[in-house]
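> Handing you this structure, nothing more for now.
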Amino acid sequence: MNYENYDPSFPDQPVVDLYLPVWSKLPAFRSKPAFVWVDDDGDGTASTLTYSQLNDSVQTISSRLLIPLQRGDTVIILCPPGLELIEIIFGCQRAGLVSIPMLPPDPSFAQESHHHLTRVLSQTKPKAAIATRGYITRVNHYIGSNSANRDEKFVAMLQNLRWVSTEEIGTESNAKIRPSAPSPPSCLYNGCKPEEVYLIQYTSGATGIPKPVLVTAGSAAHNVRAARKAYDLHPNSMITSWLPQYHDCGLMFLLLTIVSGATCVLTSPTSFLKRPRLWLELITDFRATCTPVPSFTLPLVVRRGGVNKGTSPINLASMKNLIMINEPIYRAPVEEFVNAFVPFGLNPSSISPSYGLAENCTFVSTAWRAATNDSATFPNIPTHNKLLPSARLASTNDDSSSEEEDMQIVVVNEETLAPVQDGTEGEIWVSSPSNASGYLGYPSLTRETFHARLSNKGSNCFLRTGDRGIVKGEERFLYVTGRCSDIITITPPNEIETSSRAHHAHYLETAAYDAFPQFLRGGCIAAFERDSRKVAVVAELQRSEGLNRDVLRGLCEGIRDAIWNREKVEVGLVVLVNNGSVPKTTSGKLQRWLAKARLVGGKMNVVMEMEFGVDDNGKSLSSFMGSSVNGSEARDEGTGGKRSSSSSSSSAMEVSGNAAGERAESEIAYALTSSGGDSARPKLLSML
């Protein structure tokens, strides 16, 4: 194989699981921690899993799984995050099973919490489910209940599963039975082969209903090898992560740890969200050199990190790769974080803006390079429309190949399917051995997405990412500018013959937040196309209590004005909603499509909505309808002046309602912030 390797005596393996017996046989690695789990329960308890222990445990689990199951069966893993989950994921690969790790929903299955599990069961048709004995007991209680709200189709799916407890396959008793039978050599290996599907991971759901992606063991191994090379990881690397371990970047870093022979310190997303300082403490205590985080983490930690509140000092001097995911990546919050933590030892050159997606196993590229000169690292890397680059492509050539070995990245015109010139925005296409095999149960979409070809030449098959990007500069930096499906196309008012203009939704959302950061939740604002002429904006309030009618109306009008002034986009509807109303994925990505569907379906917890339009006389009218204390309706009408070259009429309705509770899908993105910047704001504080 043609990949970078750290020791020619131990060549790279065709699948990730085969690295485990290699490392576990080396004296220097036998007792070396592969994974460390930290519970933030006050006493800082940490559990350790060495390379030797992990290899023995995986061998035991794989052999016991093949008692009730057969090689090639599909299993769903419903275990909480932790070391046990890691053992089971690798155990399934060694047993030759296809695994689907997912966050286990509450086994009471109340409040529609089982919808994604229902989707997974119906689409993948697993033979078995692996869970703790206590979880299985609660599932059986639900199956045997006589509740009127019980979903009978879902119950039938649960009954058709072979439930395997973690106690049954011995994850709790492995310490007593080690050492186990020796791991077979690669020539006798009966686990998942490189060409076989070993994992089904679902897309995030940011642009549509989550779809099952088929990942082969070979493509996953190639992907983490490419990431290992890009981030310069090796056995001395110390990784720390609080990301969910079930899919995407969180799962990829488990594999990346093993391929690199590194150590990874883990904690749960819940622990991080409860106490963001924990992330900083793990970097400090374990002298971490690499950490992957969603881009919203940086402003969250700046605001809620409590650097000066803990008992232990913070020292980030060991950090080499602070990997940011969840594009687009704004420069301003990164600069804010760097400025805040340089006094605590953070090296700005550690900033590693990156790009990835489930359809390419996860990793695609990074703009980070080992610090060879000041111009190669942050803060000297350039910016495009407030965004940081997520890749550096090779020198100009017809194929636009990236520097990452076997990873070809091209920006393509979506209509002609031809590569665009540098400086022109288009869809990002990726051709790589890391490409997944397709979507389970979607043959037409698989052909369209995973087998695209350039129109003007014979080429490899490409993966159409659905993301838009632009390549700029001598180093050919790639900037991920947004998603194709979230583009808002607007025909300018009174210019029917003029071509429509395309706008990225995140710029409109940022303009709205920047106008009222003291009232709105950053990252919890969704803009989407209402019709060909106007846009709807749904914005979460930090709190609705104590905001009177005038303040709420001022917010709606101010959001409209801020977007017009910065982006020259006419907003036709502004909806203010309670905390937790704007839907997100588990990784904090906005689900604009779902926000639109919920708004249209009347499922938003609305505090106020205002509609804007142009009347026949060019006047700006406003009318307000709300419920008074005694339930009677009140109407307030008035006439205002003109704004810009057009006028508007507006109507608003205030809807009472208590603040919605936080849902799991929105907790992880609590208090996100977009790029900073001062802007003119209506003086609403005086109205409180």
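Residue numbering restarts at 1 in every chain; chains get A, B, ... in the order shown in the structure tokens, and ligands count up from 1 in that same order.
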Based on DSSP run over this structure's backbone, return all residues of range 181-245 of chain A in strand (DSSP E or B), as a list in words.
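Selection result, strand (DSSP E or B) within range 181-245 of chain A: Val197, Tyr198, Leu199, Ile200, Gln201, Tyr202, Pro212, Val213, Leu214, Val215, Thr216, Met238, Ile239, Thr240 and Ser241 of chain A.
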> Just the residues within 10 Å of Arg119 in chain A, please, counting only C-alpha atoms, with nothing from its chain fewer than 2 positions along; format it as a list in words.
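Contacts, with the query itself left out: His114, His115, His116, Leu117, Leu121, Ser122, Gln123, Thr124, Lys125, Phe154, Ile209, Pro210, Lys211 and Pro212 of chain A.
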> For range 267-283 of chain A, please output as a compact mmCIF listing (two decimals) with all heavy atoms, in the first residue's frame all residues within 9 Å (counting only C-alpha atoms; exclusion window: fewer than 3 positions along the same chain).

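Resulting contents of part_2.txt:
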# COMPACT_ATOMS: atom_id res chain seq x y z
N VAL A 36 -9.16 6.56 27.34
CA VAL A 36 -9.41 6.94 28.74
C VAL A 36 -10.77 7.61 28.78
O VAL A 36 -11.04 8.53 28.00
CB VAL A 36 -8.32 7.89 29.27
CG1 VAL A 36 -8.62 8.29 30.71
CG2 VAL A 36 -6.94 7.25 29.16
N TRP A 37 -11.63 7.16 29.69
CA TRP A 37 -12.96 7.75 29.83
C TRP A 37 -13.01 8.52 31.15
O TRP A 37 -12.70 7.99 32.21
CB TRP A 37 -14.05 6.69 29.81
CG TRP A 37 -15.42 7.28 29.95
CD1 TRP A 37 -16.17 7.43 31.09
CD2 TRP A 37 -16.20 7.85 28.89
NE1 TRP A 37 -17.36 8.05 30.81
CE2 TRP A 37 -17.41 8.33 29.47
CE3 TRP A 37 -16.00 8.01 27.53
CZ2 TRP A 37 -18.40 8.93 28.71
CZ3 TRP A 37 -16.99 8.62 26.77
CH2 TRP A 37 -18.18 9.07 27.37
N VAL A 38 -13.40 9.79 31.06
CA VAL A 38 -13.46 10.66 32.23
C VAL A 38 -14.91 10.99 32.53
O VAL A 38 -15.62 11.54 31.68
CB VAL A 38 -12.66 11.96 32.01
CG1 VAL A 38 -12.81 12.89 33.22
CG2 VAL A 38 -11.19 11.64 31.75
N ASP A 39 -15.36 10.64 33.75
CA ASP A 39 -16.69 11.02 34.22
C ASP A 39 -16.56 12.31 35.01
O ASP A 39 -15.79 12.39 35.97
CB ASP A 39 -17.27 9.93 35.13
CG ASP A 39 -17.83 8.77 34.34
OD1 ASP A 39 -18.47 9.02 33.31
OD2 ASP A 39 -17.60 7.62 34.75
N ASP A 40 -17.32 13.31 34.60
CA ASP A 40 -17.25 14.59 35.31
C ASP A 40 -18.25 14.57 36.47
O ASP A 40 -19.25 15.28 36.47
CB ASP A 40 -17.56 15.73 34.34
CG ASP A 40 -17.29 17.10 34.96
OD1 ASP A 40 -16.35 17.19 35.77
OD2 ASP A 40 -18.03 18.05 34.64
N ASP A 41 -17.98 13.73 37.45
CA ASP A 41 -18.90 13.56 38.57
C ASP A 41 -18.39 14.20 39.85
O ASP A 41 -18.85 13.89 40.94
CB ASP A 41 -19.17 12.07 38.81
CG ASP A 41 -17.88 11.28 39.02
OD1 ASP A 41 -16.80 11.91 39.08
OD2 ASP A 41 -17.95 10.05 39.12
N PRO A 81 -22.63 6.21 25.72
CA PRO A 81 -21.23 6.48 25.39
C PRO A 81 -20.31 5.98 26.50
O PRO A 81 -20.65 6.00 27.67
CB PRO A 81 -21.18 8.00 25.23
CG PRO A 81 -22.36 8.52 25.99
CD PRO A 81 -23.41 7.46 25.86
N GLY A 82 -19.13 5.54 26.10
CA GLY A 82 -18.17 5.04 27.08
C GLY A 82 -17.26 3.99 26.48
O GLY A 82 -17.32 3.68 25.28
N MET A 238 -1.76 12.81 21.68
CA MET A 238 -2.77 12.67 22.75
C MET A 238 -4.02 13.41 22.29
O MET A 238 -4.01 14.63 22.14
CB MET A 238 -2.25 13.25 24.05
CG MET A 238 -3.23 13.17 25.22
SD MET A 238 -3.55 11.48 25.79
CE MET A 238 -1.99 11.08 26.57
N ILE A 239 -5.08 12.66 22.05
CA ILE A 239 -6.33 13.21 21.53
C ILE A 239 -7.33 13.33 22.66
O ILE A 239 -7.38 12.48 23.55
CB ILE A 239 -6.89 12.30 20.42
CG1 ILE A 239 -5.87 12.14 19.28
CG2 ILE A 239 -8.22 12.84 19.87
CD1 ILE A 239 -6.21 11.03 18.31
N THR A 240 -8.14 14.38 22.65
CA THR A 240 -9.26 14.46 23.58
C THR A 240 -10.51 14.85 22.82
O THR A 240 -10.46 15.66 21.89
CB THR A 240 -8.98 15.46 24.72
OG1 THR A 240 -10.05 15.41 25.67
CG2 THR A 240 -8.85 16.88 24.20
N SER A 241 -11.65 14.24 23.18
CA SER A 241 -12.90 14.48 22.44
C SER A 241 -14.10 14.29 23.35
O SER A 241 -14.13 13.38 24.18
CB SER A 241 -12.99 13.51 21.25
OG SER A 241 -14.26 13.58 20.63
N TRP A 242 -15.10 15.15 23.16
CA TRP A 242 -16.39 14.96 23.83
C TRP A 242 -17.49 14.71 22.80
O TRP A 242 -18.68 14.67 23.14
CB TRP A 242 -16.75 16.19 24.69
CG TRP A 242 -16.69 17.51 23.96
CD1 TRP A 242 -15.65 18.39 23.95
CD2 TRP A 242 -17.70 18.08 23.12
NE1 TRP A 242 -15.96 19.49 23.15
CE2 TRP A 242 -17.20 19.32 22.65
CE3 TRP A 242 -18.98 17.68 22.74
CZ2 TRP A 242 -17.94 20.15 21.79
CZ3 TRP A 242 -19.71 18.50 21.89
CH2 TRP A 242 -19.20 19.71 21.42
N LEU A 243 -17.12 14.53 21.54
CA LEU A 243 -18.11 14.34 20.48
C LEU A 243 -18.86 13.01 20.66
O LEU A 243 -18.31 12.06 21.21
CB LEU A 243 -17.43 14.35 19.12
CG LEU A 243 -16.73 15.66 18.71
CD1 LEU A 243 -16.01 15.48 17.38
CD2 LEU A 243 -17.73 16.81 18.64
N PRO A 244 -20.10 12.93 20.18
CA PRO A 244 -20.82 11.64 20.23
C PRO A 244 -20.02 10.57 19.50
O PRO A 244 -19.49 10.81 18.42
CB PRO A 244 -22.14 11.96 19.52
CG PRO A 244 -22.31 13.44 19.64
CD PRO A 244 -20.93 14.01 19.60
N GLN A 245 -19.97 9.37 20.07
CA GLN A 245 -19.15 8.30 19.52
C GLN A 245 -19.88 7.46 18.47
O GLN A 245 -19.32 6.50 17.95
CB GLN A 245 -18.70 7.37 20.65
CG GLN A 245 -17.88 8.05 21.73
CD GLN A 245 -17.73 7.17 22.96
OE1 GLN A 245 -18.39 7.33 23.97
NE2 GLN A 245 -16.84 6.19 22.86
N PHE A 286 -4.14 16.24 30.49
CA PHE A 286 -3.55 15.15 29.71
C PHE A 286 -2.57 15.65 28.65
O PHE A 286 -2.09 14.86 27.84
CB PHE A 286 -4.66 14.32 29.04
CG PHE A 286 -5.47 13.51 30.01
CD1 PHE A 286 -6.62 14.04 30.60
CD2 PHE A 286 -5.08 12.23 30.36
CE1 PHE A 286 -7.37 13.30 31.50
CE2 PHE A 286 -5.83 11.48 31.25
CZ PHE A 286 -6.98 12.01 31.83
N ARG A 287 -2.32 16.96 28.65
CA ARG A 287 -1.42 17.57 27.67
C ARG A 287 -1.80 17.14 26.25
O ARG A 287 -0.98 16.64 25.46
CB ARG A 287 0.04 17.23 27.97
CG ARG A 287 0.52 17.76 29.31
CD ARG A 287 2.02 17.58 29.49
NE ARG A 287 2.78 18.21 28.42
CZ ARG A 287 3.03 19.51 28.33
NH1 ARG A 287 2.56 20.34 29.26
NH2 ARG A 287 3.75 19.99 27.33
N ALA A 288 -3.07 17.33 25.94
CA ALA A 288 -3.61 16.91 24.65
C ALA A 288 -2.97 17.70 23.51
O ALA A 288 -2.71 18.89 23.62
CB ALA A 288 -5.12 17.10 24.63
N THR A 289 -2.73 17.00 22.41
CA THR A 289 -2.14 17.62 21.23
C THR A 289 -3.15 17.80 20.11
O THR A 289 -2.88 18.52 19.15
CB THR A 289 -0.97 16.77 20.70
OG1 THR A 289 -1.46 15.46 20.36
CG2 THR A 289 0.12 16.64 21.76
N CYS A 290 -4.30 17.13 20.21
CA CYS A 290 -5.29 17.17 19.13
C CYS A 290 -6.68 17.08 19.73
O CYS A 290 -6.93 16.27 20.63
CB CYS A 290 -5.04 16.00 18.16
SG CYS A 290 -6.26 15.87 16.83
N THR A 291 -7.60 17.90 19.23
CA THR A 291 -8.99 17.84 19.69
C THR A 291 -9.93 18.30 18.58
O THR A 291 -9.71 19.35 17.98
CB THR A 291 -9.21 18.69 20.96
OG1 THR A 291 -10.56 18.53 21.42
CG2 THR A 291 -8.94 20.16 20.72
N THR A 297 -18.26 25.46 19.35
CA THR A 297 -17.62 25.26 20.64
C THR A 297 -16.83 26.49 21.08
O THR A 297 -16.83 26.85 22.27
CB THR A 297 -16.69 24.04 20.58
OG1 THR A 297 -17.43 22.90 20.16
CG2 THR A 297 -16.03 23.78 21.92
N LEU A 300 -18.86 29.35 22.51
CA LEU A 300 -19.52 28.84 23.71
C LEU A 300 -18.55 28.82 24.88
O LEU A 300 -18.88 29.24 26.00
CB LEU A 300 -20.07 27.43 23.45
CG LEU A 300 -20.65 26.68 24.64
CD1 LEU A 300 -21.86 27.41 25.19
CD2 LEU A 300 -21.02 25.26 24.25
N VAL A 301 -17.32 28.36 24.64
CA VAL A 301 -16.33 28.29 25.71
C VAL A 301 -15.85 29.68 26.11
O VAL A 301 -15.57 29.92 27.30
CB VAL A 301 -15.15 27.40 25.27
CG1 VAL A 301 -13.99 27.48 26.25
CG2 VAL A 301 -15.61 25.95 25.12
N ARG A 304 -18.88 30.73 28.34
CA ARG A 304 -19.27 29.89 29.47
C ARG A 304 -18.15 29.00 29.98
O ARG A 304 -18.39 28.09 30.77
CB ARG A 304 -20.47 29.03 29.08
CG ARG A 304 -21.74 29.82 28.78
CD ARG A 304 -22.87 28.88 28.37
NE ARG A 304 -23.07 27.82 29.33
CZ ARG A 304 -23.52 26.59 29.02
NH1 ARG A 304 -23.78 26.28 27.77
NH2 ARG A 304 -23.69 25.67 29.96
N GLY A 305 -16.92 29.22 29.50
CA GLY A 305 -15.82 28.34 29.86
C GLY A 305 -15.39 28.44 31.31
O GLY A 305 -14.79 27.52 31.84
N GLY A 306 -15.69 29.56 31.97
CA GLY A 306 -15.36 29.71 33.38
C GLY A 306 -13.89 29.51 33.67
O GLY A 306 -13.52 28.83 34.63
N VAL A 307 -13.04 30.12 32.83
CA VAL A 307 -11.60 29.91 32.96
C VAL A 307 -11.10 30.29 34.34
O VAL A 307 -10.26 29.62 34.93
CB VAL A 307 -10.86 30.74 31.87
CG1 VAL A 307 -9.36 30.65 32.09
CG2 VAL A 307 -11.23 30.23 30.49
N GLY A 310 -12.48 27.85 37.99
CA GLY A 310 -12.07 26.53 38.46
C GLY A 310 -10.94 26.60 39.46
O GLY A 310 -10.30 27.63 39.66
N SER A 312 -8.26 24.52 39.19
CA SER A 312 -7.01 24.17 38.52
C SER A 312 -6.74 25.16 37.39
O SER A 312 -7.65 25.60 36.70
CB SER A 312 -7.08 22.75 37.96
OG SER A 312 -8.15 22.64 37.04
N PRO A 313 -5.48 25.50 37.15
CA PRO A 313 -5.14 26.43 36.07
C PRO A 313 -5.31 25.78 34.70
O PRO A 313 -5.24 24.55 34.57
CB PRO A 313 -3.68 26.77 36.35
CG PRO A 313 -3.15 25.58 37.08
CD PRO A 313 -4.30 25.07 37.91
N ILE A 314 -5.52 26.59 33.69
CA ILE A 314 -5.67 26.12 32.32
C ILE A 314 -4.38 26.38 31.56
O ILE A 314 -3.82 27.48 31.61
CB ILE A 314 -6.85 26.84 31.62
CG1 ILE A 314 -8.16 26.53 32.34
CG2 ILE A 314 -6.93 26.44 30.16
CD1 ILE A 314 -8.53 25.06 32.36
N ASN A 315 -3.91 25.35 30.84
CA ASN A 315 -2.70 25.48 30.04
C ASN A 315 -2.92 24.74 28.72
O ASN A 315 -3.03 23.51 28.70
CB ASN A 315 -1.49 24.92 30.77
CG ASN A 315 -0.19 25.17 30.02
OD1 ASN A 315 -0.18 25.47 28.83
ND2 ASN A 315 0.93 25.06 30.73
N LEU A 316 -2.99 25.48 27.62
CA LEU A 316 -3.27 24.90 26.30
C LEU A 316 -2.02 24.84 25.43
O LEU A 316 -2.13 24.67 24.21
CB LEU A 316 -4.37 25.71 25.60
CG LEU A 316 -5.66 25.95 26.38
CD1 LEU A 316 -6.67 26.70 25.52
CD2 LEU A 316 -6.25 24.64 26.88
N SER A 318 0.14 22.61 24.91
CA SER A 318 0.43 21.34 24.24
C SER A 318 -0.33 21.17 22.93
O SER A 318 0.02 20.31 22.11
CB SER A 318 0.06 20.18 25.18
OG SER A 318 -1.32 20.21 25.49
N MET A 319 -1.37 21.98 22.69
CA MET A 319 -2.26 21.77 21.56
C MET A 319 -1.57 22.04 20.23
O MET A 319 -1.03 23.12 20.00
CB MET A 319 -3.50 22.66 21.71
CG MET A 319 -4.58 22.48 20.65
SD MET A 319 -5.15 20.77 20.48
CE MET A 319 -5.58 20.36 22.17
N GLU A 667 -29.92 20.73 22.35
CA GLU A 667 -29.07 21.00 23.51
C GLU A 667 -27.62 21.20 23.13
O GLU A 667 -26.93 22.06 23.66
CB GLU A 667 -29.18 19.83 24.51
CG GLU A 667 -30.43 19.91 25.37
CD GLU A 667 -30.43 18.81 26.41
OE1 GLU A 667 -29.65 17.87 26.27
OE2 GLU A 667 -31.21 18.91 27.36
N ILE A 668 -27.14 20.40 22.18
CA ILE A 668 -25.72 20.43 21.89
C ILE A 668 -25.27 21.74 21.26
O ILE A 668 -24.10 22.07 21.25
CB ILE A 668 -25.34 19.25 20.97
CG1 ILE A 668 -23.85 19.03 21.00
CG2 ILE A 668 -25.80 19.48 19.54
CD1 ILE A 668 -23.43 17.75 20.38
N ALA A 669 -26.25 22.53 20.74
CA ALA A 669 -25.90 23.80 20.13
C ALA A 669 -26.34 24.99 20.96
O ALA A 669 -26.56 26.08 20.46
CB ALA A 669 -26.52 23.89 18.73
N TYR A 670 -26.47 24.78 22.27
CA TYR A 670 -26.95 25.85 23.14
C TYR A 670 -26.04 27.07 23.07
O TYR A 670 -24.81 26.97 23.17
CB TYR A 670 -27.01 25.36 24.59
CG TYR A 670 -27.46 26.44 25.56
CD1 TYR A 670 -28.78 26.83 25.59
CD2 TYR A 670 -26.55 27.06 26.39
CE1 TYR A 670 -29.20 27.81 26.46
CE2 TYR A 670 -26.95 28.06 27.26
CZ TYR A 670 -28.29 28.43 27.29
OH TYR A 670 -28.68 29.41 28.14
> Smallest atom-to-atom distance to Val213 in chain A: which of A:Val302, A:Val538, A:Val22, A:Leu445, using only C-alpha atoms?
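Ranked by minimum distance to Val213 in chain A, first place goes to A:Leu445.
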> From the list A:Val607, A:Leu417, A:Ala502, A:Val430, which residue is nearest Ile488 in chain A when using only C-alpha atoms?
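The shortest atom-to-atom distance to Ile488 in chain A comes from A:Ala502.
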> Among range 140-375 of chain A, which ones does DSSP assign to helix (DSSP H, G or I) (computed from the backbone)? Answer as a ChimeraX atom specification.
/A:140-144,152-159,174-177,186-188,217-231,248-260,269-274,277-286,297-304,331-344,348-350,358-360,374-375
> What's the 7 Å shell around Thr207 in chain A, counting only C-alpha atoms, without same-chain residues fewer than 5 positions away, as a list in words?
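In the requested form, the answer reads Ser485, Gln591 and Trp593 of chain A.
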> Which residues come within 10 Å of Ser431 in chain A, counting only C-alpha atoms, excluding same-chain residues fewer than 2 positions away, as number ranges by chain?
A: 360, 364, 401, 406-410, 429, 433-435, 450-453, 459-464
> Identify, on the basis of only C-alpha atoms, every residue whose closest approach to Leu346 in chain A does not exceed 6 Å; exclude the query and any residue fewer than 4 positions from it along the same chain; express the result as a PDB file with N, CA and C atoms, in the first residue's frame.

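result.pdb, freshly written:
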ATOM      1  N   LEU A 316      -2.992  25.481  27.615  1.00  0.00           N
ATOM      2  CA  LEU A 316      -3.273  24.897  26.305  1.00  0.00           C
ATOM      3  C   LEU A 316      -2.024  24.836  25.429  1.00  0.00           C
ATOM      4  N   ALA A 317      -0.850  24.953  26.022  1.00  0.00           N
ATOM      5  CA  ALA A 317       0.392  25.033  25.244  1.00  0.00           C
ATOM      6  C   ALA A 317       0.693  23.745  24.481  1.00  0.00           C
ATOM      7  N   PHE A 341      -7.511  32.948  24.571  1.00  0.00           N
ATOM      8  CA  PHE A 341      -6.743  31.842  25.157  1.00  0.00           C
ATOM      9  C   PHE A 341      -5.256  31.840  24.809  1.00  0.00           C
ATOM     10  N   VAL A 342      -4.794  32.793  24.032  1.00  0.00           N
ATOM     11  CA  VAL A 342      -3.344  32.949  23.870  1.00  0.00           C
ATOM     12  C   VAL A 342      -2.664  33.172  25.222  1.00  0.00           C
TER      13      VAL A 342
END
